[in-house]
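Visitor: Dropping the structure in here first, questions after.
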Amino acid sequence: MRRFRHLTIITLFGMIGFGTPVLAQEVAPGASVDSLLAYAKSRNPEFAAMQAEADASAERVVPAGALPDPKFRTELRDITRFGEQNATLSPSRVGSTRYLLMQDIPWFGKRDLKREIAELEADGAKGRALGAWADIAGRIKVNFSQLYYLRQNERLTREILDLMTRLEKVAQVRYAGGLAAQQDVIRAQVEQTNMRNELIALESEQQYLRARLNALLSRPTTAQLAEPNQLRKLPAPAMLDFAGLEERVRAKNPQLFADESKIKAAEKTRDLTYKNRYPDFTLGGGPIQYQSAVREWELMVELNIPLQQASRRAQERESESMLNAARARKESTANQVIADLAESLAGLEAARRTENLLAGSLIPQSELTFQAALAGYETGKVDFATLLDAQRQIRQAKQNQFKSQVDAQVRLAEIERLLGEEL
């Protein structure tokens with residue numbers, strides 16, 4: 001019993017020791033879109049760079065509205081005491097020493113405008129970061145959908161390859177019995193060879209898509225990805241109302257948000273340019289020391305004189321033109337975004353209807369046609385070419401079904417990219 005107890009303990013520790021690496025092993029993403037998005041959001045370098053730029057822009061707000069650093073000046077006057085002594089730098093031995101502390105003060109409202117401009121530029125950087133993530137997420141969704149299509153197409157091709165193997169055996173039996181020509185067997189073998197070639201091409205395309213997904217995830221291109229299990233569920237038709245989505249796009253599209261921030265920043269920049277018609281000030285004050293005693297105090301004010309009117313008018317016209325350009329750019333972006341939204345909605349609806357038609361009508365009809373052709377071939381009423389055509393119809397219908405599902409997912413990804421959020 002004692003030996004058995006020791007053996008049990010050793011076995012348990014061995015199981016724990018060997019099992020720990022398995023438990024600690026990271027599960028490869030790729031089974032679903034959500035797993036890929038969660039992985040990419042924390043690791044994609046492009047999105048990280050845009051976030052860092054947005055953070056940097058946010059840190060510019062405080063310095064933009066702050067006063068300039070004060071300046072201190074000291075002057076040693078009459079360092080030779082009218083030639084009575086050698087030159088000296090000791091404040092107590094020169095004729096007098098002037099100490100002056102100065103502060104530059106912009107015209108009223110300029111600091112607030114500079115701070116508001118920096119805040120709007122930070123908002124624009126945040127919008128560009130959101131737009132970058134929306135673009136990255138859209139590419140991940142599209143690549144995942146295409147990988148799912150290739151995986152399903154490969155599975156279907158293997159099923160048809162098995163079917164062609166069985167049909168070859170049927171043709172061999174009929175040929176051995178003198179009921180069919182040898183050409184039927186050869187055609188079945190040719191079909192199998194073509195399908196094996198297609199499997200090679202499908203495998204190559206899947207490797208290419210996995211490399212692209214790994215690049216978006218900032219992983220080695222040859223890193224393992226889980227097999228895509230299923231596509232995302234399409235939203236209900238009520239959620240795809242054009243008027244409602246157009247309103248959401250105008251309010252939340254990252255690119256439009258960034259363009260709106262540019263317009264507001266351009267407006268503030270124009271106001272700041274007009275403020276440059278007024279002078280900035282420098283205020284200062286300090287004591288004057290004679291030998292070891294302070295006997296005088298002074299105050300000073302300094303201002304710049306805005307005489308270069310031609311230069312200022314050119315800057316004002318520039319600010320107006322930049323504002324008009326920002327407004328026109330946003331209008332152009334809005335027109336393009338709304339057109340893309342309408343196109344994607346139409347494509348999504350067409351893909352949904354096509355998939356329903358294929359699943360509800362064409363695929364069942366093609367399967368019935370194939371079963372009838374197979375029964376007819378076995379009884380000698382149908383030739384082998386008719387049987388192959390029936391098989392190809394089934395395969396084509398199922399491939400079109402997968403394609404319509406993927407098309408719907410691609411359109412959905414485009415709509416969500418335009419929205420800047422999930423539906």
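If you're wondering about the labels, chains in the structure tokens are A, B, ... by order shown, residues count from 1 in each chain, ligands from 1 in order shown.
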List the spatial neighbours of A:Arg312 as a list of chain:residue names - criterion: any atom at most 12 Å away, only C-alpha atoms, same-chain residues fewer than 6 positions off excluded.

Guide: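 Once the nearby chain positions are removed, what remains is A:Arg270, A:Leu272, A:Thr273, A:Tyr274, A:Lys275, A:Asn276, A:Arg277, A:Tyr278, A:Pro306, A:Glu318, A:Ser319.
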
Visitor: Would you kindly return, as number ranges by chain, each protein, DNA or RNA residue with an atom no farther than 12 Å from any atom of A:Glu205, considering only C-alpha atoms and excluding same-chain residues fewer than 6 positions away?

Guide: A: 143, 146-151, 153-154, 198-199, 211-212

Visitor: Now that the selection is made, can you save its residues with C-alpha atoms as a PDB file, in the first residue's frame?

Guide:
ATOM      1  CA  ASN A 143      -9.736  38.127 -45.080  1.00  0.00           C
ATOM      2  CA  GLN A 146     -12.378  34.758 -47.793  1.00  0.00           C
ATOM      3  CA  LEU A 147     -10.460  32.170 -45.781  1.00  0.00           C
ATOM      4  CA  TYR A 148     -13.764  30.649 -44.674  1.00  0.00           C
ATOM      5  CA  TYR A 149     -14.879  30.479 -48.314  1.00  0.00           C
ATOM      6  CA  LEU A 150     -11.690  28.729 -49.379  1.00  0.00           C
ATOM      7  CA  ARG A 151     -11.953  26.300 -46.471  1.00  0.00           C
ATOM      8  CA  ASN A 153     -14.670  25.162 -51.017  1.00  0.00           C
ATOM      9  CA  GLU A 154     -11.844  22.770 -50.142  1.00  0.00           C
ATOM     10  CA  GLU A 198      -7.891  22.629 -57.552  1.00  0.00           C
ATOM     11  CA  LEU A 199      -7.090  21.433 -54.032  1.00  0.00           C
ATOM     12  CA  ALA A 211      -0.007  35.200 -44.041  1.00  0.00           C
ATOM     13  CA  ARG A 212      -2.035  38.379 -44.555  1.00  0.00           C
TER      14      ARG A 212
END

Visitor: Which residue gives the smallest distance to A:Val33 among A:Thr74, A:Ser90, A:Gln409, A:Thr157, with only C-alpha atoms counted?

Guide: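 Closest to A:Val33 of all the choices is A:Gln409.
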
Visitor: What is the distance, in Å and to one decimal place, between atom CA of A:Ala265 and atom CA of A:Pro70?

Guide: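 So the two atoms, atom CA of A:Ala265 and atom CA of A:Pro70, lie 28.1 Å apart.
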
Visitor: Check the smallest atom-to-atom distance from each of A:Gln182, A:Ser145, A:Ala397, A:Pro254 to A:Pro364 using only C-alpha atoms, then report the winner.

Guide: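 Going through A:Gln182, A:Ser145, A:Ala397, A:Pro254 one by one, the smallest distance to A:Pro364 is for A:Ala397.
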
Visitor: If you count only C-alpha atoms, which residues fall within 12 Å of A:Phe370, apart from same-chain ones fewer than 2 positions away, as a list in words?

Guide: Leu163, Leu167, Ile363, Pro364, Gln365, Ser366, Glu367, Leu368, Ala372, Ala373, Leu374, Ala375, Gly376, Tyr377, Val382, Phe384, Ala385, Thr386, Leu387, Leu388, Asp389, Ala390, Gln391, Arg392, Gln393, Ile394 and Arg395 of chain A

Visitor: I'd like to know which of A:Glu296, A:Asp69, A:Glu168, A:Glu414 is closest to A:Val185, using only C-alpha atoms.

Guide: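 Of all the options, A:Glu168 lies closest to A:Val185.
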
Visitor: Taking into account only C-alpha atoms, which residue in the set A:Leu231, A:Asp271, A:Trp107, A:Ala258 is nearest to A:Ser404?

Guide: A:Leu231

Visitor: Which of stretch 184-286 of chain A counts as alpha helix (DSSP H) under DSSP, as number ranges by chain please?

Guide: A: 184-216, 242-252, 254-275

Visitor: Quick one: everything within 12 Å of A:Ala351, counting only C-alpha atoms, minus sequence neighbours fewer than 5 positions away in the same chain. Send it as number ranges by chain.

Guide: A: 234, 344-346, 356-358, 400-412

Visitor: What residues in stretch 290-352 of chain A get the DSSP label strand (DSSP E or B)? Please answer as a VMD selection string.

Guide: chain A and resid 290 293 to 303

Visitor: I need the chosen residues saved as a tab-separated table (two decimals), in the first residue's frame, with N, CA and C atoms.

Guide:
chain	number	residue	atom	x	y	z
A	290	TYR	N	22.49	99.88	-6.11
A	290	TYR	CA	23.66	100.75	-6.06
A	290	TYR	C	24.55	100.26	-4.94
A	293	ALA	N	23.01	98.36	-1.78
A	293	ALA	CA	21.64	98.72	-1.40
A	293	ALA	C	20.78	98.88	-2.64
A	294	VAL	N	19.51	98.51	-2.52
A	294	VAL	CA	18.52	98.70	-3.57
A	294	VAL	C	17.86	100.05	-3.33
A	295	ARG	N	18.01	100.97	-4.28
A	295	ARG	CA	17.49	102.33	-4.08
A	295	ARG	C	16.39	102.69	-5.08
A	296	GLU	N	16.21	101.88	-6.14
A	296	GLU	CA	15.18	102.21	-7.13
A	296	GLU	C	14.44	100.94	-7.55
A	297	TRP	N	13.21	101.16	-7.96
A	297	TRP	CA	12.38	100.11	-8.56
A	297	TRP	C	11.83	100.64	-9.88
A	298	GLU	N	11.67	99.75	-10.85
A	298	GLU	CA	11.15	100.18	-12.13
A	298	GLU	C	10.16	99.18	-12.69
A	299	LEU	N	9.27	99.66	-13.50
A	299	LEU	CA	8.31	98.84	-14.24
A	299	LEU	C	8.47	99.15	-15.72
A	300	MET	N	8.20	98.18	-16.56
A	300	MET	CA	8.32	98.39	-17.99
A	300	MET	C	7.20	97.67	-18.72
A	301	VAL	N	6.82	98.18	-19.88
A	301	VAL	CA	5.85	97.55	-20.77
A	301	VAL	C	6.39	97.67	-22.19
A	302	GLU	N	6.25	96.60	-22.92
A	302	GLU	CA	6.74	96.55	-24.30
A	302	GLU	C	5.66	95.93	-25.17
A	303	LEU	N	5.47	96.41	-26.36
A	303	LEU	CA	4.48	95.85	-27.27
A	303	LEU	C	5.01	95.93	-28.69

Visitor: Skip A:Glu59 itself and residues of its chain fewer than 6 positions away, then list as a PyMOL selection string all residues within 10 Å of it, counting only C-alpha atoms.

Guide: chain A and resi 53+118-119+122
